[in-house]
>>> print(open('upload-v7.tsv').read())   # TSV, C-alpha atoms and all ligand atoms
chain	number	residue	atom	x	y	z
A	26	ALA	CA	280.82	63.41	-27.56
A	27	ALA	CA	280.71	63.51	-31.36
A	28	GLY	CA	281.11	60.26	-33.25
A	29	ASP	CA	283.69	59.29	-35.84
A	30	ALA	CA	282.26	59.24	-39.39
A	31	ALA	CA	284.93	56.85	-40.73
A	32	LYS	CA	284.09	54.31	-38.05
A	33	GLY	CA	280.44	55.02	-38.69
A	34	GLU	CA	280.83	54.03	-42.33
A	35	LYS	CA	281.92	50.59	-41.11
A	36	VAL	CA	279.02	50.38	-38.66
A	37	PHE	CA	276.70	51.26	-41.56
A	38	LYS	CA	277.52	47.89	-43.16
A	39	LYS	CA	275.09	46.41	-40.64
A	40	CYS	CA	272.40	48.84	-41.76
A	41	ALA	CA	273.15	48.28	-45.46
A	42	ALA	CA	271.40	44.90	-45.38
A	43	CYS	CA	268.17	46.92	-45.31
A	44	HIS	CA	269.11	50.52	-46.15
A	45	SER	CA	270.90	52.31	-48.99
A	46	ILE	CA	272.64	55.65	-48.41
A	47	GLU	CA	271.83	56.57	-52.03
A	48	GLU	CA	269.07	59.09	-52.57
A	49	GLY	CA	265.85	57.54	-53.86
A	50	LYS	CA	266.97	53.95	-53.32
A	51	ASN	CA	264.77	52.02	-50.90
A	52	LYS	CA	265.44	48.43	-49.86
A	53	VAL	CA	263.58	46.61	-47.06
A	54	GLY	CA	263.96	49.94	-45.25
A	55	PRO	CA	263.82	53.49	-46.67
A	56	SER	CA	266.82	55.30	-48.15
A	57	LEU	CA	268.87	56.92	-45.39
A	58	HIS	CA	270.30	59.63	-47.62
A	59	GLY	CA	270.06	62.91	-45.70
A	60	VAL	CA	268.02	61.26	-42.98
A	61	ILE	CA	269.29	63.52	-40.18
A	62	GLY	CA	267.16	66.63	-40.31
A	63	ARG	CA	264.49	64.91	-42.41
A	64	GLU	CA	260.87	65.07	-41.29
A	65	CYS	CA	259.80	61.66	-39.95
A	66	GLY	CA	258.40	59.20	-42.49
A	67	THR	CA	258.60	61.39	-45.58
A	68	ILE	CA	259.99	59.04	-48.25
A	69	SER	CA	256.87	59.13	-50.43
A	70	ASP	CA	257.49	55.89	-52.34
A	71	TYR	CA	258.28	53.87	-49.20
A	72	LYS	CA	255.53	52.12	-47.25
A	73	TYR	CA	256.19	52.63	-43.54
A	74	SER	CA	254.57	50.42	-40.91
A	75	LYS	CA	251.33	51.49	-39.23
A	76	GLY	CA	253.20	52.07	-35.97
A	77	TYR	CA	255.82	54.22	-37.65
A	78	GLN	CA	253.16	56.28	-39.45
A	79	ASP	CA	251.24	56.75	-36.19
A	80	ALA	CA	254.41	58.06	-34.53
A	81	CYS	CA	255.17	60.37	-37.46
A	82	GLU	CA	251.69	61.85	-37.25
A	83	LYS	CA	252.88	63.49	-34.02
A	84	GLY	CA	255.22	65.44	-36.30
A	85	PHE	CA	258.95	65.41	-35.63
A	86	THR	CA	262.31	65.59	-37.32
A	87	ILE	CA	264.81	62.74	-37.32
A	88	ASP	CA	267.61	64.14	-35.17
A	89	GLU	CA	270.43	62.75	-33.04
A	90	ALA	CA	268.27	62.42	-29.93
A	91	PHE	CA	265.58	60.45	-31.79
A	92	LEU	CA	268.15	58.20	-33.49
A	93	ASP	CA	269.91	57.45	-30.22
A	94	GLU	CA	266.75	55.91	-28.77
A	95	TYR	CA	265.30	54.51	-32.00
A	96	LEU	CA	268.43	52.50	-32.83
A	97	LYS	CA	268.58	50.97	-29.35
A	98	ASP	CA	265.00	49.71	-29.63
A	99	PRO	CA	262.96	50.86	-32.64
A	100	SER	CA	259.61	49.42	-31.52
A	101	ALA	CA	259.91	50.76	-27.98
A	102	LYS	CA	260.64	54.25	-29.32
A	103	ILE	CA	257.81	54.14	-31.85
A	104	SER	CA	255.19	52.90	-29.40
A	105	SER	CA	256.25	55.50	-26.83
A	106	ILE	CA	255.85	58.33	-29.36
A	107	ALA	CA	252.64	56.98	-30.91
A	108	GLN	CA	251.18	56.02	-27.51
A	109	THR	CA	250.02	52.69	-28.95
A	110	LYS	CA	251.22	49.09	-28.87
A	111	GLU	CA	252.16	49.29	-32.56
A	112	ARG	CA	255.72	48.33	-33.44
A	113	SER	CA	258.29	49.50	-35.97
A	114	LYS	CA	259.01	47.19	-38.92
A	115	MET	CA	262.69	47.69	-38.10
A	116	THR	CA	263.62	44.68	-35.94
A	117	PHE	CA	267.37	45.35	-35.81
A	118	LYS	CA	268.79	46.93	-32.63
A	119	LEU	CA	272.12	48.73	-32.36
A	120	LYS	CA	273.08	48.63	-28.70
A	121	LYS	CA	276.59	50.02	-28.41
A	122	GLU	CA	276.62	53.72	-27.64
A	123	ASP	CA	279.89	54.27	-29.57
A	124	ASP	CA	278.46	52.58	-32.67
A	125	ILE	CA	275.36	54.76	-32.43
A	126	GLN	CA	277.42	57.96	-32.15
A	127	ASP	CA	279.66	56.90	-35.05
A	128	VAL	CA	276.89	55.86	-37.43
A	129	THR	CA	274.99	59.07	-36.59
A	130	GLU	CA	278.05	61.13	-37.57
A	131	TYR	CA	278.30	59.15	-40.84
A	132	LEU	CA	274.60	59.77	-41.56
A	133	LYS	CA	275.01	63.50	-40.85
A	134	GLN	CA	277.61	63.68	-43.61
A	135	ASN	CA	275.59	61.70	-46.15
B	201	LIG	C1	263.60	52.64	-40.65
B	201	LIG	C2	268.15	53.69	-39.39
B	201	LIG	C3	269.35	48.99	-39.63
B	201	LIG	C4	264.95	48.01	-41.43
B	201	LIG	C5	264.72	53.34	-40.27
B	201	LIG	C6	264.78	54.77	-40.02
B	201	LIG	C7	266.04	55.06	-39.67
B	201	LIG	C8	266.80	53.82	-39.68
B	201	LIG	C9	266.62	56.42	-39.32
B	201	LIG	C10	263.63	55.77	-40.20
B	201	LIG	C11	263.74	56.38	-41.60
B	201	LIG	C12	262.69	57.38	-42.01
B	201	LIG	O1	262.01	57.99	-41.18
B	201	LIG	O2	262.54	57.58	-43.25
B	201	LIG	C13	268.87	52.52	-39.37
B	201	LIG	C14	270.29	52.43	-39.02
B	201	LIG	C15	270.61	51.09	-39.03
B	201	LIG	C16	269.42	50.36	-39.44
B	201	LIG	C17	271.20	53.62	-38.74
B	201	LIG	C18	271.92	50.42	-38.65
B	201	LIG	C19	272.57	50.82	-37.50
B	201	LIG	C20	268.28	48.31	-40.16
B	201	LIG	C21	268.27	46.89	-40.49
B	201	LIG	C22	267.01	46.61	-40.97
B	201	LIG	C23	266.26	47.86	-40.97
B	201	LIG	C24	269.46	45.94	-40.34
B	201	LIG	C25	266.44	45.29	-41.46
B	201	LIG	C26	266.73	44.12	-40.80
B	201	LIG	C27	264.20	49.17	-41.34
B	201	LIG	C28	262.80	49.25	-41.71
B	201	LIG	C29	262.40	50.58	-41.47
B	201	LIG	C30	263.58	51.29	-40.98
B	201	LIG	C31	261.93	48.10	-42.24
B	201	LIG	C32	261.00	51.18	-41.63
B	201	LIG	C33	260.41	51.24	-40.22
B	201	LIG	C34	258.89	51.17	-40.17
B	201	LIG	O3	258.20	51.44	-41.16
B	201	LIG	O4	258.43	50.78	-39.07
B	201	LIG	N1	265.96	52.79	-40.04
B	201	LIG	N2	268.39	51.26	-39.63
B	201	LIG	N3	267.05	48.86	-40.47
B	201	LIG	N4	264.64	50.41	-40.92
B	201	LIG	FE1	266.47	50.82	-40.23
>>> encode(input="upload-v7.tsv", output="structure tokens", more="lines below")
Ligand code: HEM
Amino acid sequence: AAGDAAKGEKVFKKCAACHSIEEGKNKVGPSLHGVIGRECGTISDYKYSKGYQDACEKGFTIDEAFLDEYLKDPSAKISSIAQTKERSKMTFKLKKEDDIQDVTEYLKQN
């Protein structure tokens, strides 16, 4: 089921500690402007972790299916793609399926 972007904007407050939705603005994490549909790890002035870069070398696009698993457990998703024990620098986990759907819908529109 599709998420609710208005609810997702509220969920994004948890992400905003580390991410801006503004284009070109990186914080502890990379800007999430237009992240859905973006090629993995392509913010050129952001330094991704080794694990994240290893995963991105496999070549994939950030889509809903990736986000669903990444948000639940970033390091588990990254090490499973990269086939290494490397972790993601993102330590935050979003567990609730509704929150994931809603924030994904918000990200799609921004
Ligand atoms: C990376 C989403 C919360 C820190 C990412 C990426 C996405 C994402 C999609 C990959 C971006 C890319 O490929 O350019 C989210 C969402 C959040 C959230 C939707 C809230 C639900 C947080 C929080 C923190 C954080 C709270 C800090 C405590 C990071 C860091 C990276 C990252 C450091 C880079 C990962 C690496 O290099 O391993 N996030 N994030 N995120 N995020 Fe988050």
>>> residues_near_ligand(input="upload-v7.tsv", ligand="ligand LIG 201 (chain B)", cutoff="6 Å", atoms="all atoms listed in the file", output="ChimeraX atom specification")
/A:37,39-40,42-43,53-55,65-68,73-74,77,113-117,119
>>> residues_around(input="upload-v7.tsv", residues="Phe91 of chain A", least_positions_apart="3", cutoff="12 Å", atoms="only C-alpha atoms", output="VMD selection string")
chain A and resid 60 to 65 80 to 81 85 to 88 94 to 99 101 to 103 105 to 106 125 129
>>> atom_distance(input="upload-v7.tsv", atom1="atom CA of Tyr71 of chain A", atom2="atom CA of Lys52 of chain A")
9.0 Å
>>> atom_distance(input="upload-v7.tsv", atom1="atom CA of Thr109 of chain A", atom2="atom CA of Lys121 of chain A")
26.7 Å
>>> atom_distance(input="upload-v7.tsv", atom1="atom CA of Gly84 of chain A", atom2="atom CA of Ser69 of chain A")
15.6 Å
>>> closest_residue(input="upload-v7.tsv", among="A:Ser100, A:Ala107, A:Val36, A:Asp70", to="Lys83 of chain A", atoms="only C-alpha atoms")
A:Ala107
>>> closest_residue(input="upload-v7.tsv", among="A:Lys110, A:Lys75, A:Lys38, A:His58", to="Leu132 of chain A", atoms="only C-alpha atoms")
A:His58
>>> residues_near_point(input="upload-v7.tsv", point="(279.7, 67.5, -44.2)", cutoff="12 Å", atoms="only C-alpha atoms", output="ChimeraX atom specification")
/A:30,59,61,130-135
>>> write_last_selection(input="upload-v7.tsv", atoms="C-alpha atoms", output="compact mmCIF listing (two decimals), keeping the file's coordinate frame")
# COMPACT_ATOMS: atom_id res chain seq x y z
CA ALA A 30 282.26 59.24 -39.39
CA GLY A 59 270.06 62.91 -45.70
CA ILE A 61 269.29 63.52 -40.18
CA GLU A 130 278.05 61.13 -37.57
CA TYR A 131 278.30 59.15 -40.84
CA LEU A 132 274.60 59.77 -41.56
CA LYS A 133 275.01 63.50 -40.85
CA GLN A 134 277.61 63.68 -43.61
CA ASN A 135 275.59 61.70 -46.15
>>> closest_residue(input="upload-v7.tsv", among="A:Glu122, A:Lys72, A:Arg112, A:Lys35", to="Asn51 of chain A", atoms="only C-alpha atoms")
A:Lys72
>>> closest_residue(input="upload-v7.tsv", among="A:Gln126, A:Ala41, A:Ser104, A:Ala31", to="Gly76 of chain A", atoms="all atoms listed in the file")
A:Ser104
>>> residues_around(input="upload-v7.tsv", residues="Glu47 of chain A", least_positions_apart="3", cutoff="8 Å", atoms="all atoms listed in the file", output="list in words")
Lys50, Ser56, Leu57 and His58 of chain A
>>> decode(input="upload-v7.tsv", residues="segment 60-103 of chain A", atoms="N, CA and C atoms", output="tab-separated table (two decimals), in the first residue's frame")
chain	number	residue	atom	x	y	z
A	60	VAL	N	16.15	11.62	-3.64
A	60	VAL	CA	16.93	10.39	-3.41
A	60	VAL	C	16.31	9.16	-4.07
A	61	ILE	N	14.98	9.13	-4.17
A	61	ILE	CA	14.33	7.98	-4.82
A	61	ILE	C	14.56	8.08	-6.33
A	62	GLY	N	15.18	7.08	-6.86
A	62	GLY	CA	15.50	7.10	-8.29
A	62	GLY	C	16.93	7.53	-8.54
A	63	ARG	N	17.63	7.92	-7.46
A	63	ARG	CA	19.03	8.34	-7.59
A	63	ARG	C	19.92	7.10	-7.59
A	64	GLU	N	20.98	7.14	-8.35
A	64	GLU	CA	21.98	6.07	-8.34
A	64	GLU	C	22.64	6.08	-6.96
A	65	CYS	N	22.87	4.90	-6.41
A	65	CYS	CA	23.45	4.77	-5.08
A	65	CYS	C	24.77	5.54	-4.92
A	66	GLY	N	24.87	6.30	-3.83
A	66	GLY	CA	26.15	6.91	-3.46
A	66	GLY	C	26.70	7.95	-4.40
A	67	THR	N	25.85	8.76	-5.00
A	67	THR	CA	26.32	9.68	-6.05
A	67	THR	C	26.35	11.15	-5.65
A	68	ILE	N	26.26	11.46	-4.36
A	68	ILE	CA	26.46	12.86	-3.95
A	68	ILE	C	27.98	13.09	-3.90
A	69	SER	N	28.49	13.83	-4.88
A	69	SER	CA	29.95	13.86	-5.09
A	69	SER	C	30.71	14.55	-3.96
A	70	ASP	N	30.08	15.48	-3.26
A	70	ASP	CA	30.81	16.16	-2.18
A	70	ASP	C	30.47	15.56	-0.80
A	71	TYR	N	29.94	14.35	-0.79
A	71	TYR	CA	29.68	13.66	0.48
A	71	TYR	C	30.58	12.43	0.57
A	72	LYS	N	31.19	12.23	1.74
A	72	LYS	CA	32.07	11.07	1.89
A	72	LYS	C	31.32	9.90	2.54
A	73	TYR	N	30.92	8.96	1.71
A	73	TYR	CA	30.22	7.76	2.19
A	73	TYR	C	31.21	6.84	2.89
A	74	SER	N	30.67	5.96	3.73
A	74	SER	CA	31.50	4.96	4.41
A	74	SER	C	32.06	3.96	3.39
A	75	LYS	N	33.09	3.26	3.81
A	75	LYS	CA	33.68	2.20	2.96
A	75	LYS	C	32.63	1.15	2.60
A	76	GLY	N	31.86	0.74	3.61
A	76	GLY	CA	30.84	-0.28	3.37
A	76	GLY	C	29.80	0.18	2.35
A	77	TYR	N	29.38	1.43	2.51
A	77	TYR	CA	28.38	1.97	1.59
A	77	TYR	C	28.93	2.04	0.16
A	78	GLN	N	30.18	2.50	0.05
A	78	GLN	CA	30.80	2.58	-1.28
A	78	GLN	C	30.97	1.19	-1.90
A	79	ASP	N	31.34	0.21	-1.08
A	79	ASP	CA	31.46	-1.16	-1.59
A	79	ASP	C	30.13	-1.65	-2.14
A	80	ALA	N	29.05	-1.36	-1.40
A	80	ALA	CA	27.71	-1.78	-1.87
A	80	ALA	C	27.37	-1.07	-3.18
A	81	CYS	N	27.65	0.22	-3.23
A	81	CYS	CA	27.29	1.00	-4.42
A	81	CYS	C	28.06	0.56	-5.66
A	82	GLU	N	29.25	0.02	-5.44
A	82	GLU	CA	30.03	-0.48	-6.58
A	82	GLU	C	29.29	-1.59	-7.33
A	83	LYS	N	28.35	-2.24	-6.65
A	83	LYS	CA	27.54	-3.27	-7.33
A	83	LYS	C	26.59	-2.62	-8.33
A	84	GLY	N	26.35	-1.30	-8.13
A	84	GLY	CA	25.56	-0.53	-9.09
A	84	GLY	C	24.07	-0.73	-8.94
A	85	PHE	N	23.41	0.15	-8.20
A	85	PHE	CA	21.95	0.08	-8.12
A	85	PHE	C	21.36	1.45	-7.82
A	86	THR	N	20.07	1.54	-8.04
A	86	THR	CA	19.33	2.77	-7.84
A	86	THR	C	18.59	2.70	-6.50
A	87	ILE	N	18.54	3.82	-5.80
A	87	ILE	CA	17.78	3.87	-4.56
A	87	ILE	C	16.29	3.86	-4.91
A	88	ASP	N	15.64	2.75	-4.63
A	88	ASP	CA	14.21	2.66	-4.92
A	88	ASP	C	13.47	2.24	-3.65
A	89	GLU	N	12.16	2.04	-3.77
A	89	GLU	CA	11.35	1.73	-2.59
A	89	GLU	C	11.78	0.43	-1.94
A	90	ALA	N	12.11	-0.56	-2.75
A	90	ALA	CA	12.48	-1.88	-2.21
A	90	ALA	C	13.78	-1.78	-1.42
A	91	PHE	N	14.76	-1.04	-1.96
A	91	PHE	CA	16.03	-0.85	-1.23
A	91	PHE	C	15.76	-0.13	0.09
A	92	LEU	N	15.01	0.98	0.01
A	92	LEU	CA	14.77	1.81	1.20
A	92	LEU	C	14.07	1.03	2.30
A	93	ASP	N	13.13	0.19	1.90
A	93	ASP	CA	12.38	-0.60	2.87
A	93	ASP	C	13.32	-1.42	3.75
A	94	GLU	N	14.30	-2.03	3.15
A	94	GLU	CA	15.24	-2.87	3.91
A	94	GLU	C	16.35	-2.06	4.55
A	95	TYR	N	16.83	-1.03	3.84
A	95	TYR	CA	17.91	-0.19	4.37
A	95	TYR	C	17.47	0.51	5.67
A	96	LEU	N	16.27	1.07	5.67
A	96	LEU	CA	15.82	1.82	6.85
A	96	LEU	C	15.62	0.92	8.06
A	97	LYS	N	15.22	-0.33	7.83
A	97	LYS	CA	15.04	-1.26	8.95
A	97	LYS	C	16.37	-1.62	9.60
A	98	ASP	N	17.42	-1.72	8.80
A	98	ASP	CA	18.74	-2.08	9.32
A	98	ASP	C	19.82	-1.76	8.28
A	99	PRO	N	20.29	-0.48	8.29
A	99	PRO	CA	21.21	-0.04	7.25
A	99	PRO	C	22.44	-0.94	7.10
A	100	SER	N	23.09	-1.29	8.21
A	100	SER	CA	24.32	-2.07	8.09
A	100	SER	C	24.07	-3.47	7.56
A	101	ALA	N	22.96	-4.08	7.97
A	101	ALA	CA	22.64	-5.42	7.48
A	101	ALA	C	22.42	-5.37	5.96
A	102	LYS	N	21.73	-4.35	5.49
A	102	LYS	CA	21.45	-4.24	4.05
A	102	LYS	C	22.74	-4.01	3.28
A	103	ILE	N	23.58	-3.12	3.80
A	103	ILE	CA	24.83	-2.80	3.10
A	103	ILE	C	25.76	-4.02	3.06
